[in-house]
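Shown here: upload14.cif, mmCIF, C-alpha atoms, pLDDT in the B column; chains and numbers go by the auth columns.
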data_protein
loop_
_atom_site.group_PDB
_atom_site.id
_atom_site.type_symbol
_atom_site.label_atom_id
_atom_site.label_comp_id
_atom_site.label_asym_id
_atom_site.label_seq_id
_atom_site.Cartn_x
_atom_site.Cartn_y
_atom_site.Cartn_z
_atom_site.B_iso_or_equiv
_atom_site.auth_seq_id
_atom_site.auth_asym_id
ATOM 1 C CA MET A 1 0.000 0.000 0.000 46.00 1 A
ATOM 2 C CA ALA A 2 1.360 3.415 -0.972 51.00 2 A
ATOM 3 C CA ARG A 3 1.963 5.925 1.774 52.00 3 A
ATOM 4 C CA THR A 4 0.013 9.142 1.628 51.00 4 A
ATOM 5 C CA LYS A 5 2.022 12.327 1.373 59.00 5 A
ATOM 6 C CA GLU A 6 2.428 14.145 4.637 78.00 6 A
ATOM 7 C CA PHE A 7 2.771 17.485 2.882 85.00 7 A
ATOM 8 C CA ASP A 8 0.871 19.530 0.324 91.00 8 A
ATOM 9 C CA PRO A 9 2.863 19.566 -2.947 92.00 9 A
ATOM 10 C CA ASP A 10 1.397 22.960 -3.904 92.00 10 A
ATOM 11 C CA VAL A 11 2.571 24.524 -0.652 93.00 11 A
ATOM 12 C CA VAL A 12 5.992 22.942 -1.053 94.00 12 A
ATOM 13 C CA LEU A 13 6.215 24.194 -4.643 95.00 13 A
ATOM 14 C CA GLU A 14 5.377 27.747 -3.518 95.00 14 A
ATOM 15 C CA ARG A 15 8.069 27.552 -0.845 96.00 15 A
ATOM 16 C CA ALA A 16 10.583 26.260 -3.409 96.00 16 A
ATOM 17 C CA LEU A 17 9.607 29.096 -5.748 97.00 17 A
ATOM 18 C CA ASP A 18 10.292 31.574 -2.956 95.00 18 A
ATOM 19 C CA LEU A 19 13.718 30.092 -2.201 97.00 19 A
ATOM 20 C CA PHE A 20 14.806 29.885 -5.834 97.00 20 A
ATOM 21 C CA TRP A 21 13.508 33.409 -6.461 96.00 21 A
ATOM 22 C CA ARG A 22 15.518 34.799 -3.560 94.00 22 A
ATOM 23 C CA ARG A 23 18.721 32.803 -4.037 95.00 23 A
ATOM 24 C CA GLY A 24 18.789 31.693 -7.664 96.00 24 A
ATOM 25 C CA TYR A 25 19.308 28.230 -9.050 97.00 25 A
ATOM 26 C CA GLU A 26 23.037 27.745 -8.550 97.00 26 A
ATOM 27 C CA ALA A 27 23.133 29.192 -5.021 97.00 27 A
ATOM 28 C CA THR A 28 20.363 26.859 -3.847 97.00 28 A
ATOM 29 C CA SER A 29 21.575 23.395 -2.885 95.00 29 A
ATOM 30 C CA MET A 30 19.508 20.278 -2.322 94.00 30 A
ATOM 31 C CA ALA A 31 20.358 20.592 1.372 94.00 31 A
ATOM 32 C CA ASP A 32 18.927 24.149 1.311 95.00 32 A
ATOM 33 C CA LEU A 33 15.768 22.865 -0.324 95.00 33 A
ATOM 34 C CA VAL A 34 15.323 20.010 2.142 94.00 34 A
ATOM 35 C CA GLU A 35 15.776 22.387 5.078 94.00 35 A
ATOM 36 C CA HIS A 36 13.593 25.206 3.679 93.00 36 A
ATOM 37 C CA LEU A 37 10.822 22.929 2.455 92.00 37 A
ATOM 38 C CA GLY A 38 10.744 20.756 5.557 91.00 38 A
ATOM 39 C CA ILE A 39 10.501 17.478 3.669 92.00 39 A
ATOM 40 C CA GLY A 40 12.943 14.637 3.226 90.00 40 A
ATOM 41 C CA ARG A 41 15.230 14.331 0.242 92.00 41 A
ATOM 42 C CA ALA A 42 13.546 11.088 -0.872 93.00 42 A
ATOM 43 C CA SER A 43 10.096 12.732 -0.744 92.00 43 A
ATOM 44 C CA LEU A 44 11.425 15.698 -2.678 92.00 44 A
ATOM 45 C CA TYR A 45 12.827 13.469 -5.421 92.00 45 A
ATOM 46 C CA ALA A 46 9.733 11.264 -5.513 93.00 46 A
ATOM 47 C CA THR A 47 7.363 14.214 -5.831 92.00 47 A
ATOM 48 C CA PHE A 48 9.289 16.704 -7.952 94.00 48 A
ATOM 49 C CA GLY A 49 12.330 14.959 -9.380 93.00 49 A
ATOM 50 C CA GLY A 50 15.758 16.505 -8.942 93.00 50 A
ATOM 51 C CA LYS A 51 16.714 20.079 -8.181 96.00 51 A
ATOM 52 C CA HIS A 52 16.462 21.152 -11.814 97.00 52 A
ATOM 53 C CA ASP A 53 13.026 19.575 -12.223 97.00 53 A
ATOM 54 C CA LEU A 54 11.824 21.407 -9.120 97.00 54 A
ATOM 55 C CA TYR A 55 13.307 24.672 -10.388 97.00 55 A
ATOM 56 C CA VAL A 56 11.521 24.322 -13.732 98.00 56 A
ATOM 57 C CA LYS A 57 8.232 23.580 -11.962 97.00 57 A
ATOM 58 C CA ALA A 58 8.736 26.620 -9.707 97.00 58 A
ATOM 59 C CA LEU A 59 9.488 28.811 -12.731 97.00 59 A
ATOM 60 C CA GLU A 60 6.364 27.484 -14.469 96.00 60 A
ATOM 61 C CA ARG A 61 4.318 28.330 -11.372 96.00 61 A
ATOM 62 C CA TYR A 62 5.817 31.825 -11.292 95.00 62 A
ATOM 63 C CA ALA A 63 4.899 32.411 -14.943 92.00 63 A
ATOM 64 C CA GLN A 64 1.383 31.006 -14.485 90.00 64 A
ATOM 65 C CA THR A 65 0.625 33.168 -11.478 88.00 65 A
ATOM 66 C CA ARG A 66 2.223 36.453 -12.595 80.00 66 A
ATOM 67 C CA ASP A 67 1.952 36.703 -16.391 64.00 67 A
ATOM 68 C CA PRO A 68 -1.859 36.371 -16.664 67.00 68 A
ATOM 69 C CA ASN A 69 -2.248 39.557 -14.611 79.00 69 A
ATOM 70 C CA LEU A 70 -0.260 41.464 -17.228 83.00 70 A
ATOM 71 C CA VAL A 71 -2.327 40.100 -20.098 82.00 71 A
ATOM 72 C CA GLU A 72 -5.515 40.982 -18.221 86.00 72 A
ATOM 73 C CA LEU A 73 -4.270 44.539 -17.625 89.00 73 A
ATOM 74 C CA LEU A 74 -3.401 45.037 -21.302 93.00 74 A
ATOM 75 C CA SER A 75 -6.640 43.571 -22.664 90.00 75 A
ATOM 76 C CA GLN A 76 -9.145 45.661 -20.715 89.00 76 A
ATOM 77 C CA PRO A 77 -11.784 47.421 -22.829 90.00 77 A
ATOM 78 C CA GLY A 78 -11.482 51.116 -23.497 92.00 78 A
ATOM 79 C CA PRO A 79 -8.376 53.172 -24.175 95.00 79 A
ATOM 80 C CA ALA A 80 -5.317 50.910 -24.450 95.00 80 A
ATOM 81 C CA LEU A 81 -2.438 53.317 -23.940 95.00 81 A
ATOM 82 C CA PRO A 82 -3.190 53.963 -20.242 95.00 82 A
ATOM 83 C CA ALA A 83 -2.787 50.216 -19.588 95.00 83 A
ATOM 84 C CA VAL A 84 0.613 50.198 -21.302 96.00 84 A
ATOM 85 C CA ARG A 85 1.641 53.255 -19.280 95.00 85 A
ATOM 86 C CA THR A 86 0.417 51.570 -16.086 94.00 86 A
ATOM 87 C CA LEU A 87 2.497 48.512 -16.919 95.00 87 A
ATOM 88 C CA VAL A 88 5.660 50.601 -17.431 96.00 88 A
ATOM 89 C CA GLU A 89 5.019 52.511 -14.207 95.00 89 A
ATOM 90 C CA ARG A 90 4.264 49.299 -12.283 93.00 90 A
ATOM 91 C CA TYR A 91 7.474 47.585 -13.374 93.00 91 A
ATOM 92 C CA THR A 92 9.460 50.698 -12.532 95.00 92 A
ATOM 93 C CA GLU A 93 7.949 51.197 -9.083 94.00 93 A
ATOM 94 C CA GLU A 94 8.141 47.487 -8.207 92.00 94 A
ATOM 95 C CA SER A 95 11.822 47.502 -9.132 93.00 95 A
ATOM 96 C CA ILE A 96 12.443 50.587 -7.003 93.00 96 A
ATOM 97 C CA ARG A 97 10.555 49.205 -3.995 92.00 97 A
ATOM 98 C CA ASP A 98 12.076 45.708 -4.204 90.00 98 A
ATOM 99 C CA ARG A 99 14.087 45.932 -0.968 89.00 99 A
ATOM 100 C CA ASP A 100 15.168 42.292 -1.177 89.00 100 A
ATOM 101 C CA ARG A 101 16.385 42.806 -4.771 90.00 101 A
ATOM 102 C CA ARG A 102 14.681 39.600 -5.893 91.00 102 A
ATOM 103 C CA GLY A 103 13.726 41.105 -9.233 90.00 103 A
ATOM 104 C CA CYS A 104 11.663 39.060 -11.654 93.00 104 A
ATOM 105 C CA MET A 105 12.182 35.309 -11.528 96.00 105 A
ATOM 106 C CA ILE A 106 11.893 35.061 -15.330 96.00 106 A
ATOM 107 C CA VAL A 107 14.627 37.670 -15.809 95.00 107 A
ATOM 108 C CA ASN A 108 16.709 36.033 -13.080 96.00 108 A
ATOM 109 C CA ALA A 109 16.396 32.687 -14.846 97.00 109 A
ATOM 110 C CA ALA A 110 17.376 34.260 -18.169 97.00 110 A
ATOM 111 C CA THR A 111 20.475 35.940 -16.795 95.00 111 A
ATOM 112 C CA GLU A 112 21.560 32.916 -14.760 96.00 112 A
ATOM 113 C CA LEU A 113 20.766 29.926 -16.978 96.00 113 A
ATOM 114 C CA LEU A 114 20.438 31.008 -20.607 95.00 114 A
ATOM 115 C CA PRO A 115 21.346 30.146 -23.277 95.00 115 A
ATOM 116 C CA ASP A 116 22.346 26.608 -22.289 95.00 116 A
ATOM 117 C CA ASP A 117 19.340 25.429 -20.279 97.00 117 A
ATOM 118 C CA GLU A 118 16.721 24.463 -22.865 97.00 118 A
ATOM 119 C CA PRO A 119 13.699 23.905 -20.553 97.00 119 A
ATOM 120 C CA VAL A 120 14.316 27.254 -18.858 98.00 120 A
ATOM 121 C CA ALA A 121 14.913 28.953 -22.216 97.00 121 A
ATOM 122 C CA ARG A 122 11.515 27.725 -23.427 97.00 122 A
ATOM 123 C CA LEU A 123 9.767 29.104 -20.329 97.00 123 A
ATOM 124 C CA VAL A 124 11.551 32.443 -20.546 97.00 124 A
ATOM 125 C CA GLU A 125 10.788 32.788 -24.246 97.00 125 A
ATOM 126 C CA ALA A 126 7.136 31.841 -23.701 95.00 126 A
ATOM 127 C CA SER A 127 6.832 34.502 -21.010 93.00 127 A
ATOM 128 C CA TRP A 128 8.455 37.174 -23.147 95.00 128 A
ATOM 129 C CA THR A 129 6.446 36.183 -26.222 95.00 129 A
ATOM 130 C CA GLY A 130 3.211 36.306 -24.230 92.00 130 A
ATOM 131 C CA LEU A 131 3.987 39.791 -22.943 94.00 131 A
ATOM 132 C CA GLU A 132 5.076 40.970 -26.395 96.00 132 A
ATOM 133 C CA THR A 133 1.848 39.623 -27.918 95.00 133 A
ATOM 134 C CA ALA A 134 -0.300 41.330 -25.270 94.00 134 A
ATOM 135 C CA LEU A 135 1.599 44.597 -25.739 96.00 135 A
ATOM 136 C CA THR A 136 1.280 44.361 -29.529 97.00 136 A
ATOM 137 C CA SER A 137 -2.475 43.807 -29.273 96.00 137 A
ATOM 138 C CA ALA A 138 -2.859 46.740 -26.885 96.00 138 A
ATOM 139 C CA LEU A 139 -0.803 49.010 -29.135 97.00 139 A
ATOM 140 C CA ILE A 140 -2.765 47.946 -32.229 97.00 140 A
ATOM 141 C CA ARG A 141 -5.897 49.015 -30.367 96.00 141 A
ATOM 142 C CA ALA A 142 -4.182 52.240 -29.287 96.00 142 A
ATOM 143 C CA ARG A 143 -3.297 53.042 -32.907 96.00 143 A
ATOM 144 C CA ALA A 144 -6.828 52.211 -34.102 96.00 144 A
ATOM 145 C CA GLN A 145 -8.279 54.479 -31.402 96.00 145 A
ATOM 146 C CA GLY A 146 -5.934 57.348 -32.290 96.00 146 A
ATOM 147 C CA GLU A 147 -3.972 57.140 -29.037 96.00 147 A
ATOM 148 C CA ILE A 148 -0.662 56.757 -30.877 95.00 148 A
ATOM 149 C CA SER A 149 0.418 57.902 -34.317 94.00 149 A
ATOM 150 C CA ALA A 150 -1.056 56.097 -37.312 94.00 150 A
ATOM 151 C CA GLU A 151 2.531 55.670 -38.568 94.00 151 A
ATOM 152 C CA SER A 152 3.590 53.819 -35.410 94.00 152 A
ATOM 153 C CA ASP A 153 4.408 50.141 -35.749 96.00 153 A
ATOM 154 C CA PRO A 154 2.698 48.441 -32.770 97.00 154 A
ATOM 155 C CA ARG A 155 4.905 45.353 -32.964 97.00 155 A
ATOM 156 C CA VAL A 156 8.132 47.365 -32.937 97.00 156 A
ATOM 157 C CA LEU A 157 6.837 49.502 -30.062 96.00 157 A
ATOM 158 C CA ALA A 158 5.798 46.363 -28.173 97.00 158 A
ATOM 159 C CA ARG A 159 9.273 44.918 -28.595 98.00 159 A
ATOM 160 C CA PHE A 160 10.810 48.144 -27.359 97.00 160 A
ATOM 161 C CA VAL A 161 8.567 48.135 -24.266 97.00 161 A
ATOM 162 C CA LEU A 162 9.306 44.441 -23.621 97.00 162 A
ATOM 163 C CA VAL A 163 13.068 44.982 -23.771 97.00 163 A
ATOM 164 C CA PHE A 164 12.771 48.146 -21.679 97.00 164 A
ATOM 165 C CA LEU A 165 10.770 46.318 -18.987 96.00 165 A
ATOM 166 C CA GLN A 166 13.277 43.477 -18.788 96.00 166 A
ATOM 167 C CA GLY A 167 16.065 46.045 -18.478 95.00 167 A
ATOM 168 C CA VAL A 168 14.201 47.743 -15.644 95.00 168 A
ATOM 169 C CA ARG A 169 14.076 44.419 -13.812 93.00 169 A
ATOM 170 C CA VAL A 170 17.813 43.900 -14.287 93.00 170 A
ATOM 171 C CA MET A 171 18.632 47.438 -13.136 92.00 171 A
ATOM 172 C CA GLY A 172 16.347 46.990 -10.144 89.00 172 A
ATOM 173 C CA LYS A 173 18.481 44.054 -8.989 89.00 173 A
ATOM 174 C CA GLY A 174 21.240 46.577 -8.332 85.00 174 A
ATOM 175 C CA HIS A 175 20.729 49.382 -5.889 76.00 175 A
ATOM 176 C CA GLY A 176 17.516 50.427 -7.652 65.00 176 A
ATOM 177 C CA ASP A 177 18.407 54.084 -8.209 86.00 177 A
ATOM 178 C CA ALA A 178 14.904 55.565 -8.209 92.00 178 A
ATOM 179 C CA ALA A 179 15.814 58.653 -10.247 95.00 179 A
ATOM 180 C CA ARG A 180 17.575 56.593 -12.916 94.00 180 A
ATOM 181 C CA LEU A 181 14.659 54.185 -13.300 95.00 181 A
ATOM 182 C CA ARG A 182 11.982 56.886 -13.216 96.00 182 A
ATOM 183 C CA ASP A 183 13.853 59.038 -15.755 96.00 183 A
ATOM 184 C CA ALA A 184 14.186 56.045 -18.089 96.00 184 A
ATOM 185 C CA ALA A 185 10.492 55.205 -17.631 96.00 185 A
ATOM 186 C CA ALA A 186 9.506 58.783 -18.420 96.00 186 A
ATOM 187 C CA GLN A 187 11.569 58.638 -21.621 96.00 187 A
ATOM 188 C CA ALA A 188 10.022 55.301 -22.601 95.00 188 A
ATOM 189 C CA LEU A 189 6.538 56.676 -21.968 94.00 189 A
ATOM 190 C CA ALA A 190 7.338 59.757 -24.054 93.00 190 A
ATOM 191 C CA MET A 191 8.014 57.461 -26.987 89.00 191 A
ATOM 192 C CA LEU A 192 4.500 56.067 -26.739 87.00 192 A
ATOM 193 C CA ARG A 193 2.754 59.062 -28.252 76.00 193 A
#
Using structure tokens, write down the structure from this file.
Amino acid sequence: MARTKEFDPDVVLERALDLFWRRGYEATSMADLVEHLGIGRASLYATFGGKHDLYVKALERYAQTRDPNLVELLSQPGPALPAVRTLVERYTEESIRDRDRRGCMIVNAATELLPDDEPVARLVEASWTGLETALTSALIRARAQGEISAESDPRVLARFVLVFLQGVRVMGKGHGDAARLRDAAAQALAMLR
């Protein structure tokens, strides 16, 4: 007869996500995971696989729980440009207020594990493609509604915003110079006219 699990895998996955997000993949050992998660090594392997498998599952969870909020924000009815502006401002302010300097787990994964880690590369690319698609759709609506110039290329603008946002997350991992980030955000927003 199989033993029943004495822990909730969803809770354990959230705790693993938190640890990996704070420390990164390489700096987190199996011993760290066992201690932080409060489960035995054998249970960890049986439920999630090895450290890398657990990391990929945690990164998937991060993307599933954070990215849909961005798509929802950008697809609201009405004027589209205010949603794009809100997104830029949100990323900027979150990066400034991030006292722990955790940043974005997707960006952290990209800077730590790409280009060699194929499963992580697929998750990172899916996240970035999803955000780019949502931004492109919002900017197409903005152009159709006269919020941005008719000559603007929504896809190119979306790519600019995507790259800008990822850069904000990287810069925020440093000391998060508020003036630097806010000045850059203001310049990016000025381009969206």
With all atoms listed in the file as the basis for distance, which of A:Leu192, A:Ser43, A:Thr28, A:Ala63 is at the shortest distance from Met105 (chain A)?
->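 Using all atoms listed in the file, the shortest distance to Met105 (chain A) belongs to A:Ala63.
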Starting from the displayed file, determine the output of the PyMOL selection byres ((chain A and resi 155-166) around 7) and express the residue list as a list of chain:residue names.
->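 Given this file, the PyMOL selection byres ((chain A and resi 155-166) around 7) evaluates to A:Val88, A:Tyr91, A:Val107, A:Glu132, A:Leu135, A:Thr136, A:Asp153, A:Pro154, A:Gly167, A:Val168, A:Arg169, A:Val170.
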For the selection you just gave me, I'd like the residues written to a file as a PDB file, keeping the file's coordinate frame, keeping C-alpha atoms.
ATOM      1  CA  VAL A  88       5.660  50.601 -17.431  1.00 96.00           C
ATOM      2  CA  TYR A  91       7.474  47.585 -13.374  1.00 93.00           C
ATOM      3  CA  VAL A 107      14.627  37.670 -15.809  1.00 95.00           C
ATOM      4  CA  GLU A 132       5.076  40.970 -26.395  1.00 96.00           C
ATOM      5  CA  LEU A 135       1.599  44.597 -25.739  1.00 96.00           C
ATOM      6  CA  THR A 136       1.280  44.361 -29.529  1.00 97.00           C
ATOM      7  CA  ASP A 153       4.408  50.141 -35.749  1.00 96.00           C
ATOM      8  CA  PRO A 154       2.698  48.441 -32.770  1.00 97.00           C
ATOM      9  CA  GLY A 167      16.065  46.045 -18.478  1.00 95.00           C
ATOM     10  CA  VAL A 168      14.201  47.743 -15.644  1.00 95.00           C
ATOM     11  CA  ARG A 169      14.076  44.419 -13.812  1.00 93.00           C
ATOM     12  CA  VAL A 170      17.813  43.900 -14.287  1.00 93.00           C
TER      13      VAL A 170
END
Would you mind telling me which residue in A:Tyr25, A:Asp100, A:Val11, A:Leu189 lies nearest to Pro82 (chain A) when using all atoms listed in the file?
->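 Looking only at the distances to Pro82 (chain A), the closest residue turns out to be A:Leu189.
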Closest to Arg99 (chain A) among A:Thr129, A:Ser75, A:Pro115, A:His175, using all atoms listed in the file?
->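 With all atoms listed in the file as the atom set, the closest residue is A:His175.
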Apply the PyMOL selection byres ((chain A and resi 52) around 12) to the structure shown and report the selected residues as an MDAnalysis selection string.
-> chainID A and resid 16 20 24:26 28:30 33 44:45 48:51 53:59 109 113 117:120
For the residues selected in the previous step, produce a file with C-alpha atoms as a PDB file, in the frame of the given file.
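Okay, out00.pdb is ready:
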ATOM      1  CA  ALA A  16      10.583  26.260  -3.409  1.00 96.00           C
ATOM      2  CA  PHE A  20      14.806  29.885  -5.834  1.00 97.00           C
ATOM      3  CA  GLY A  24      18.789  31.693  -7.664  1.00 96.00           C
ATOM      4  CA  TYR A  25      19.308  28.230  -9.050  1.00 97.00           C
ATOM      5  CA  GLU A  26      23.037  27.745  -8.550  1.00 97.00           C
ATOM      6  CA  THR A  28      20.363  26.859  -3.847  1.00 97.00           C
ATOM      7  CA  SER A  29      21.575  23.395  -2.885  1.00 95.00           C
ATOM      8  CA  MET A  30      19.508  20.278  -2.322  1.00 94.00           C
ATOM      9  CA  LEU A  33      15.768  22.865  -0.324  1.00 95.00           C
ATOM     10  CA  LEU A  44      11.425  15.698  -2.678  1.00 92.00           C
ATOM     11  CA  TYR A  45      12.827  13.469  -5.421  1.00 92.00           C
ATOM     12  CA  PHE A  48       9.289  16.704  -7.952  1.00 94.00           C
ATOM     13  CA  GLY A  49      12.330  14.959  -9.380  1.00 93.00           C
ATOM     14  CA  GLY A  50      15.758  16.505  -8.942  1.00 93.00           C
ATOM     15  CA  LYS A  51      16.714  20.079  -8.181  1.00 96.00           C
ATOM     16  CA  ASP A  53      13.026  19.575 -12.223  1.00 97.00           C
ATOM     17  CA  LEU A  54      11.824  21.407  -9.120  1.00 97.00           C
ATOM     18  CA  TYR A  55      13.307  24.672 -10.388  1.00 97.00           C
ATOM     19  CA  VAL A  56      11.521  24.322 -13.732  1.00 98.00           C
ATOM     20  CA  LYS A  57       8.232  23.580 -11.962  1.00 97.00           C
ATOM     21  CA  ALA A  58       8.736  26.620  -9.707  1.00 97.00           C
ATOM     22  CA  LEU A  59       9.488  28.811 -12.731  1.00 97.00           C
ATOM     23  CA  ALA A 109      16.396  32.687 -14.846  1.00 97.00           C
ATOM     24  CA  LEU A 113      20.766  29.926 -16.978  1.00 96.00           C
ATOM     25  CA  ASP A 117      19.340  25.429 -20.279  1.00 97.00           C
ATOM     26  CA  GLU A 118      16.721  24.463 -22.865  1.00 97.00           C
ATOM     27  CA  PRO A 119      13.699  23.905 -20.553  1.00 97.00           C
ATOM     28  CA  VAL A 120      14.316  27.254 -18.858  1.00 98.00           C
TER      29      VAL A 120
END
Any idea what's packed within 12 Å of Phe7 (chain A), counting only C-alpha atoms, ignoring anything in its chain fewer than 2 positions away? Could you give it as a ChimeraX atom specification?
-> /A:3-5,9-13,15,37-40,43-44,47
Tell me which protein, DNA and RNA residues are within 10 Å of Ala134 (chain A), counting all atoms listed in the file, leaving out same-chain ones fewer than 5 positions away, and put them as JSON, numbers by chain.
-> {"A": [70, 71, 72, 73, 74, 75, 84, 128, 129, 139, 140, 158]}
Could you jot down the CA of Lys173 (chain A) to CA of Glu93 (chain A) separation for me, Å, one decimal place?
->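 Between CA of Lys173 (chain A) and CA of Glu93 (chain A) the gap is 12.7 Å.
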Determine the residue set returned by the PyMOL selection byres ((chain A and resi 181) around 10) for the present structure, and present it as a PyMOL selection string.
-> chain A and resi 89+91-93+95-96+167-169+171-172+176-180+182-187
What is the distance, in Å and to one decimal place, between CA of Gly174 (chain A) and CA of Arg101 (chain A)?
->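 We find that CA of Gly174 (chain A) and CA of Arg101 (chain A) lie 7.1 Å from each other.
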Nearest-residue call for Val124 (chain A), choices A:Asp98, A:Glu60, A:Glu147, A:Asp18, using all atoms listed in the file |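 Among the listed residues, A:Glu60 lies closest to Val124 (chain A).
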In Å, rounded to a single decimal, give me how far CA of Thr133 (chain A) is from CA of Gln145 (chain A).
-> 18.3 Å
So for region 149-157 of chain A, what box centre and size do we get, axis-aligned, 8 Å extra on each of the six sides, every listed atom, Å to one decimal, as lines of an AutoDock Vina configuration file?
center_x = 3.5
center_y = 51.6
center_z = -34.3
size_x = 25.2
size_y = 28.5
size_z = 24.5
Residue nearest His36 (chain A) - candidates A:Arg193, A:Arg61, A:Arg23, A:Arg122, atoms counted: all atoms listed in the file |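 Between A:Arg193, A:Arg61, A:Arg23, A:Arg122, the residue approaching His36 (chain A) most closely is A:Arg23.
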Can you work out which one of A:Cys104, A:Ala150, A:Met191, A:Leu87 has the shortest atom-to-atom distance to Asn69 (chain A), counting only C-alpha atoms?
->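 Between A:Cys104, A:Ala150, A:Met191, A:Leu87, the residue approaching Asn69 (chain A) most closely is A:Leu87.
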